[in-house]
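Notes follow the structure.
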Amino acid sequence: MMFFGGDYNPEQWDEAVWKEDDALMRRARVNLATVGVFSWALLEPEEGRYDFAWLDAHLDRLHANDVSVNLATPTASPPPWFTLAHPDAMPVTQDGVRHVHGSRDTYCLASPAYRTAARNIARALAERYGEHPAVAMWHVHNEYTTLCWCDHTAAAFRDWLRERHGSLEALNEAWGTAFWSQRYGSWEQVLPPRATHWHQNPGQHLDFRRFWSDLVLAAFREQRDAIREHSDRPVTTNMMLPGYQNLDLWALGREVDLIAIDHYPDAPGLDAAADTAFAADRARSFAGGRPWLLMEQGTNTVYDGDRILGKEPGDILRHTIGHIARGSEGALFFQWRQSRAGAETWHSAMVPHAGADSRVFREVAAVGEAVERLGEVAGSTVTAQVAVLHDADAWWALEVDGLPSADLDYHGSLRRAHRALWDAGVTVDFAHPEHDLSRYRFVVAPALFLLSDAGAENLRRYVSGGGTLLVQHFTGFVDEYLHARLGGYPAAPLREALGIRVEEYRPLRRGEHIVLSDGSRATAWSELLRTEGAETVLTYTHGMLTGRPALTRHRFGQGEAWYLSTGLDDRGHAALITRILGIGREPSGVESVTRHSTDGRSWQFLLNHTATAISLPESAHDLLTGAPVSELPPGGCAVLRNSL
Ligand code: GLA
């Protein structure tokens, strides 16, 4: 069975609406509702006094209507009584401003009072509903996002640093405090990276991000374990990709029973489809290849800077199928019924303000029917032969002050690499630089400014074992402490695999374009490098770099390693990736992904992103409609079962 449904907040409505909800959920084939995400003030109206009667009634009603429940712990939005009783548990910004209630996400994960309150409400819910027949899974918290720089945080950060570095001496060494008279003489002097005068210490910044990620994991584990004492249903929390949450999502992936993500594209049209694939491929990768779940999407929500754009007719199906194609076990939305009051009154929903007699609800109901027909696909997986490397340390390293260029965009680089592969019709995994990469025939490292010794060694081993690696500029320039690699970049084992040595980095001026020897254009960055065994494929044609290598290729062991030392524009970059992969053809505009089951069955998901109809090689049975299909209309989707 595939899941279909969304966040359900019945506490915003009355009985007449609940009755209509029951009928409309049946019509839309809803089988999973996420309940209680923001219900703390109702569930625990005063500290220690619980009121579950209303939730009992809704869970029983949903169950009677064949809708399972993804039961949330409400800890992302503590009620006003909590703030007033525990003002020290409110988050403090980097500038020292303490936030109060009136929105959501107002909590400090380092505050003992908050942690206790969160654990207590999670335990109380699990005690009451752990065995409830409606409960299919647990949704801990909501998108752990809040960062805090308060005194509780400072104390917890010091404990974490003691554990990581062992001694103050080691901390001073790691953070390079010999520079700018930053040497710490006692642990009490060490602070979280609060607002300061000029460049912040980079090591302090990076360690703070790592610390915060560990703190989130600890807070999640506490709730998860309290739930597990009373329930055997899977426990998850929803991730928001790619960079909304300052978390090591690989690490979070190891803690949850099921990876769940929320996804709201940040541009319409083809970009939204590419962004869907980007999010879905990351989700599947964090899940270690296992199926995962799209926990939230919008029926009509595309965030575009300072506005929310509507989706086009057919987008709800295309985005839903885009996620399921890449391993999601269904599609849920935020939210079931559009709120008539409150902060997200204008956020889209499955049942809009206009009610069931609306384009949106009709599309939702049709998508629900289509998803229901995909039941046999559940549990099947997707395999990829190409990986893009992602590491939270490398991301956070590119955020520090004092880097040589403002054009170094971590997620932008990953997105670009993924987009070039997506446009070429290649299914992509994400992998960590220290993962076993041997199953991939091609690996792209777009932005590993920070690369650990183990990571550099692993990449060397990957190439020598027969892999093809593309490394992009400014990679492996620092180690895991953000200390520069001396004697030439990148880290020695990677240098050996690449057969090059970078001597000097030369960022380009804002807006400056340079031209390489084949006429391709590049921006942002250039490097003076010399080959040490690699062949030069392209050279620079400007200034002191004229005639020097810009793109190199090195046969090493059984494999080969490419190094691109500049920011090729999108076209050149995409052409390079398809050239390395040996794909000559123009992109067809039809996205095709296959899910395989362990018993040998497979399903081909097709999405026609072009404005013209595409004929299939032969007529086939389309699971989405239950009818034969021989042609995909513009924007059309199909799911074909491949025979054994
Ligand atoms: C997130 C949250 C939801 C809602 C949506 C709006 O994903 O989890 O509660 O705020 O954003 O897009």
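In the structure tokens, the first chain shown is A, the next is B, and so on; residue numbers restart at 1 for each chain, and ligands run from 1 in the order shown.
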Quick one: residues within 6 Å of ligand 1, with only C-alpha atoms and all ligand atoms, as an mmCIF file with N, CA, C and O atoms, in the first residue's frame?
data_model
loop_
_atom_site.group_PDB
_atom_site.id
_atom_site.type_symbol
_atom_site.label_atom_id
_atom_site.label_comp_id
_atom_site.auth_asym_id
_atom_site.auth_seq_id
_atom_site.Cartn_x
_atom_site.Cartn_y
_atom_site.Cartn_z
ATOM 1 N N ASN A 142 8.774 18.577 14.746
ATOM 2 C CA ASN A 142 8.545 18.993 13.356
ATOM 3 C C ASN A 142 9.770 19.774 12.907
ATOM 4 O O ASN A 142 10.097 20.815 13.493
ATOM 5 N N GLU A 143 10.453 19.248 11.927
ATOM 6 C CA GLU A 143 11.591 19.955 11.321
ATOM 7 C C GLU A 143 12.452 20.675 12.374
ATOM 8 O O GLU A 143 12.370 21.894 12.510
ATOM 9 N N ASP A 262 10.070 16.816 3.868
ATOM 10 C CA ASP A 262 9.086 17.794 3.418
ATOM 11 C C ASP A 262 9.682 18.454 2.185
ATOM 12 O O ASP A 262 10.890 18.711 2.153
#
Find the residues of region 197-313 of chain A that sit at most 12 Å from region 579-599 of chain A; for each, write down the nearest two atoms and how far apart they are in Å, to one decimal. Count only C-alpha atoms. Sort by chain, then by number going up, and give it as a tab-separated table.
residue	atom	partner	partner_atom	distance
A:Leu270	CA	A:Gly589	CA	9.4
A:Ala273	CA	A:Glu591	CA	9.3
A:Ala274	CA	A:Glu591	CA	9.6
A:Thr276	CA	A:Glu591	CA	11.7
A:Ala277	CA	A:Glu591	CA	9.7
A:Ala280	CA	A:Val593	CA	11.8
A:Asp281	CA	A:Val593	CA	11.1
A:Arg284	CA	A:Arg595	CA	11.9
A:Gly289	CA	A:Arg595	CA	11.1
A:Arg290	CA	A:Arg595	CA	11.2
A:Pro291	CA	A:Arg595	CA	10.2
Pull the strand (DSSP E or B) assignments for region 519-568 of chain A out of DSSP run on the backbone, and list those residues as number ranges by chain. A: 521-523, 527-531, 535-540, 546, 549-556, 559-564, 567-568
As a ChimeraX atom specification, please: the residues near Ala420 (chain A) (cut-off 9 Å, only C-alpha atoms, same-chain neighbours under 4 positions excluded). /A:415-416,424-426,570-571,573-575,577-578
Keeping N, CA, C and O atoms, export the residues of the selection given above as a compact mmCIF listing (two decimals), in the first residue's frame.
# COMPACT_ATOMS: atom_id res chain seq x y z
N ARG A 415 23.36 21.09 -6.31
CA ARG A 415 22.17 21.16 -7.15
C ARG A 415 22.56 21.18 -8.64
O ARG A 415 21.94 20.55 -9.46
N ARG A 416 23.62 21.91 -8.95
CA ARG A 416 24.06 22.02 -10.34
C ARG A 416 24.56 20.68 -10.88
O ARG A 416 24.26 20.28 -12.00
N ALA A 424 20.36 14.89 -18.11
CA ALA A 424 20.88 13.85 -19.01
C ALA A 424 20.16 12.51 -18.79
O ALA A 424 20.51 11.51 -19.40
N GLY A 425 19.18 12.50 -17.87
CA GLY A 425 18.40 11.28 -17.65
C GLY A 425 19.11 10.24 -16.80
O GLY A 425 18.79 9.06 -16.85
N VAL A 426 20.06 10.70 -15.98
CA VAL A 426 20.83 9.75 -15.16
C VAL A 426 20.28 9.76 -13.73
O VAL A 426 20.09 10.82 -13.13
N ASP A 570 26.73 26.66 -16.78
CA ASP A 570 25.85 25.49 -16.73
C ASP A 570 25.99 24.61 -17.97
O ASP A 570 26.02 23.39 -17.87
N ARG A 571 26.08 25.27 -19.14
CA ARG A 571 26.15 24.48 -20.37
C ARG A 571 27.43 23.66 -20.45
O ARG A 571 27.42 22.47 -20.73
N HIS A 573 29.38 22.85 -18.04
CA HIS A 573 29.41 21.90 -16.95
C HIS A 573 28.61 20.64 -17.30
O HIS A 573 29.06 19.50 -17.13
N ALA A 574 27.40 20.88 -17.85
CA ALA A 574 26.56 19.75 -18.24
C ALA A 574 27.25 18.96 -19.36
O ALA A 574 27.23 17.71 -19.36
N ALA A 575 27.87 19.67 -20.30
CA ALA A 575 28.53 18.98 -21.42
C ALA A 575 29.69 18.14 -20.90
O ALA A 575 29.94 17.02 -21.37
N ILE A 577 29.95 16.74 -17.94
CA ILE A 577 29.44 15.56 -17.23
C ILE A 577 28.96 14.50 -18.22
O ILE A 577 29.27 13.31 -18.08
N THR A 578 28.25 14.92 -19.26
CA THR A 578 27.78 13.92 -20.23
C THR A 578 28.96 13.34 -21.02
O THR A 578 28.98 12.17 -21.36
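Considering only C-alpha atoms, the residue among A:Asp479, A:Ser285, A:His139, A:His435 positioned nearest to Thr383 (chain A) is A:Ser285.
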Find the residues near Leu470 (chain A): any atom within 6 Å, counting only C-alpha atoms, skip ones fewer than 5 places away on the same chain, and give them as a PDB file with C-alpha atoms, in the first residue's frame.
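To be explicit, this is the file written out as result.pdb:
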ATOM      1  CA  VAL A 444      31.065  13.806  -8.666  1.00  0.00           C
ATOM      2  CA  ALA A 561      40.092  11.170 -12.112  1.00  0.00           C
ATOM      3  CA  TRP A 562      39.139  14.529 -13.588  1.00  0.00           C
ATOM      4  CA  TYR A 563      39.849  17.899 -12.024  1.00  0.00           C
TER       5      TYR A 563
END
Between A:Ala397, A:Ala356, A:Leu607, A:Leu451, smallest distance to Arg209 (chain A) by only C-alpha atoms belongs to A:Ala397
Nearest residue to Ala370 (chain A) from the set A:Ala341, A:Leu616, A:Ala454, A:Ala331 (distances using only C-alpha atoms):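 Looking at the shortest contact to Ala370 (chain A), the residue is A:Ala331.
The shell of residues at most 7 Å from Arg119 (chain A), with only C-alpha atoms counted and near chain neighbours (fewer than 6 positions) removed, consists of Glu222, Gln223 and Ala226 of chain A.
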Within 9 Å of Glu46 (chain A) using only C-alpha atoms, minus same-chain residues under 6 positions, as an mmCIF file with N, CA, C and O atoms, in the first residue's frame:
data_model
loop_
_atom_site.group_PDB
_atom_site.id
_atom_site.type_symbol
_atom_site.label_atom_id
_atom_site.label_comp_id
_atom_site.auth_asym_id
_atom_site.auth_seq_id
_atom_site.Cartn_x
_atom_site.Cartn_y
_atom_site.Cartn_z
ATOM 1 N N PRO A 79 3.561 25.646 24.386
ATOM 2 C CA PRO A 79 2.476 26.595 24.656
ATOM 3 C C PRO A 79 2.946 27.784 25.509
ATOM 4 O O PRO A 79 3.997 27.713 26.143
ATOM 5 N N TRP A 81 2.069 28.840 28.416
ATOM 6 C CA TRP A 81 2.366 28.588 29.836
ATOM 7 C C TRP A 81 3.803 28.111 30.015
ATOM 8 O O TRP A 81 4.453 28.403 31.022
ATOM 9 N N PHE A 82 4.286 27.382 29.021
ATOM 10 C CA PHE A 82 5.648 26.853 29.150
ATOM 11 C C PHE A 82 6.656 27.999 29.114
ATOM 12 O O PHE A 82 7.569 28.074 29.934
#
Any chance you could list, as a VMD selection string, the residues in region 114-303 of chain A that come up alpha helix (DSSP H) when DSSP is run on the backbone? chain A and resid 114 to 129 151 to 165 168 to 174 202 to 228 249 to 255 269 to 286
Have a look at A:Met25, A:Leu125, A:Leu576, A:Val382 and name the one nearest to Arg337 (chain A); count only C-alpha atoms.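 With only C-alpha atoms as the atom set, the closest residue is A:Met25.
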Find the spatial neighbours of Gln472 (chain A), counting only C-alpha atoms, within a cut-off of 10 Å - ignore same-chain residues fewer than 2 positions away - and output them as a list in words.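 After dropping sequence-adjacent residues, the list is Ser413, Val444, Ala445, Pro446, Ala447, Leu448, Phe449, Leu469, Leu470, Phe474, Thr475, Gly476, Leu551, Trp562, Tyr563, Leu564, Ser565, Thr566, Gly567 and Leu568 of chain A.
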Just write the chosen residues, N, CA and C atoms, as a CSV table (one decimal), in the first residue's frame.
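Okay, selection-v6.csv is ready:
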chain,number,residue,atom,x,y,z
A,413,SER,N,26.1,24.2,-5.7
A,413,SER,CA,27.1,23.4,-6.4
A,413,SER,C,26.5,21.9,-6.5
A,444,VAL,N,30.8,12.4,-8.5
A,444,VAL,CA,31.1,13.8,-8.7
A,444,VAL,C,31.3,14.4,-7.3
A,445,ALA,N,32.3,15.1,-7.1
A,445,ALA,CA,32.6,15.8,-5.8
A,445,ALA,C,32.6,17.3,-6.1
A,446,PRO,N,31.4,18.0,-6.0
A,446,PRO,CA,31.3,19.4,-6.5
A,446,PRO,C,31.8,20.4,-5.5
A,447,ALA,N,31.8,20.1,-4.2
A,447,ALA,CA,32.1,21.2,-3.2
A,447,ALA,C,32.7,20.7,-1.9
A,448,LEU,N,33.7,19.8,-2.0
A,448,LEU,CA,34.2,19.3,-0.8
A,448,LEU,C,35.4,20.1,-0.3
A,449,PHE,N,35.2,21.4,-0.1
A,449,PHE,CA,36.3,22.3,0.4
A,449,PHE,C,37.0,21.6,1.6
A,469,LEU,N,36.1,9.7,-11.3
A,469,LEU,CA,35.8,10.7,-10.3
A,469,LEU,C,35.9,12.1,-11.0
A,470,LEU,N,35.0,13.0,-10.7
A,470,LEU,CA,35.1,14.4,-11.2
A,470,LEU,C,35.2,15.2,-9.9
A,474,PHE,N,38.5,24.0,-5.6
A,474,PHE,CA,38.5,24.3,-4.2
A,474,PHE,C,38.1,23.1,-3.3
A,475,THR,N,38.4,22.0,-3.8
A,475,THR,CA,38.1,20.7,-3.0
A,475,THR,C,39.3,20.2,-2.3
A,476,GLY,N,39.1,19.8,-1.1
A,476,GLY,CA,40.2,19.2,-0.3
A,476,GLY,C,41.3,20.2,0.1
A,551,LEU,N,41.3,22.1,-17.0
A,551,LEU,CA,40.6,20.8,-16.8
A,551,LEU,C,41.6,19.7,-17.1
A,562,TRP,N,39.2,13.2,-12.9
A,562,TRP,CA,39.1,14.5,-13.6
A,562,TRP,C,39.2,15.7,-12.6
A,563,TYR,N,39.9,16.7,-12.9
A,563,TYR,CA,39.8,17.9,-12.0
A,563,TYR,C,39.5,19.1,-12.8
A,564,LEU,N,38.4,19.8,-12.4
A,564,LEU,CA,38.0,21.0,-13.0
A,564,LEU,C,38.3,22.2,-12.1
A,565,SER,N,39.2,23.1,-12.5
A,565,SER,CA,39.7,24.1,-11.5
A,565,SER,C,39.0,25.4,-11.6
A,566,THR,N,37.9,25.5,-12.4
A,566,THR,CA,37.2,26.7,-12.5
A,566,THR,C,35.7,26.5,-12.5
A,567,GLY,N,34.9,27.5,-12.5
A,567,GLY,CA,33.4,27.4,-12.4
A,567,GLY,C,32.8,27.4,-13.8
A,568,LEU,N,32.9,26.3,-14.5
A,568,LEU,CA,32.3,26.3,-15.9
A,568,LEU,C,30.8,26.7,-15.8
Tell me, counting only C-alpha atoms, for each residue of region 55-159 of chain A within 9 Å of region 188-206 of chain A, which pair of atoms is nearest and how far apart they are in Å to one decimal, in rows ordered by chain and increasing number, as CSV.
residue,atom,partner,partner_atom,distance
A:Thr93,CA,A:Arg194,CA,8.0
A:Gln94,CA,A:Arg194,CA,4.6
A:Asp95,CA,A:Ala195,CA,5.2
A:Gly96,CA,A:Arg194,CA,7.6
A:Trp149,CA,A:Pro192,CA,6.1
A:Cys150,CA,A:Pro192,CA,8.3
A:Asp151,CA,A:Leu191,CA,8.7
A:Thr153,CA,A:Pro192,CA,7.3
A:Ala154,CA,A:Pro192,CA,5.5
A:Ala155,CA,A:Leu191,CA,8.4
A:Phe157,CA,A:Pro192,CA,6.8
A:Arg158,CA,A:Val190,CA,6.9
Include C-alpha atoms and write out the residues we just selected as a compact mmCIF listing (two decimals), in the first residue's frame.
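Below you can see selection.txt, which holds the result:
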# COMPACT_ATOMS: atom_id res chain seq x y z
CA THR A 93 19.65 34.75 18.81
CA GLN A 94 23.29 35.30 17.97
CA ASP A 95 22.75 38.99 18.79
CA GLY A 96 21.47 38.15 22.26
CA TRP A 149 23.13 30.87 21.54
CA CYS A 150 21.96 31.12 25.19
CA ASP A 151 23.81 30.23 28.38
CA THR A 153 23.76 26.32 24.94
CA ALA A 154 27.12 27.67 26.06
CA ALA A 155 27.34 25.08 28.86
CA PHE A 157 28.71 23.41 23.86
CA ARG A 158 31.61 23.35 26.35
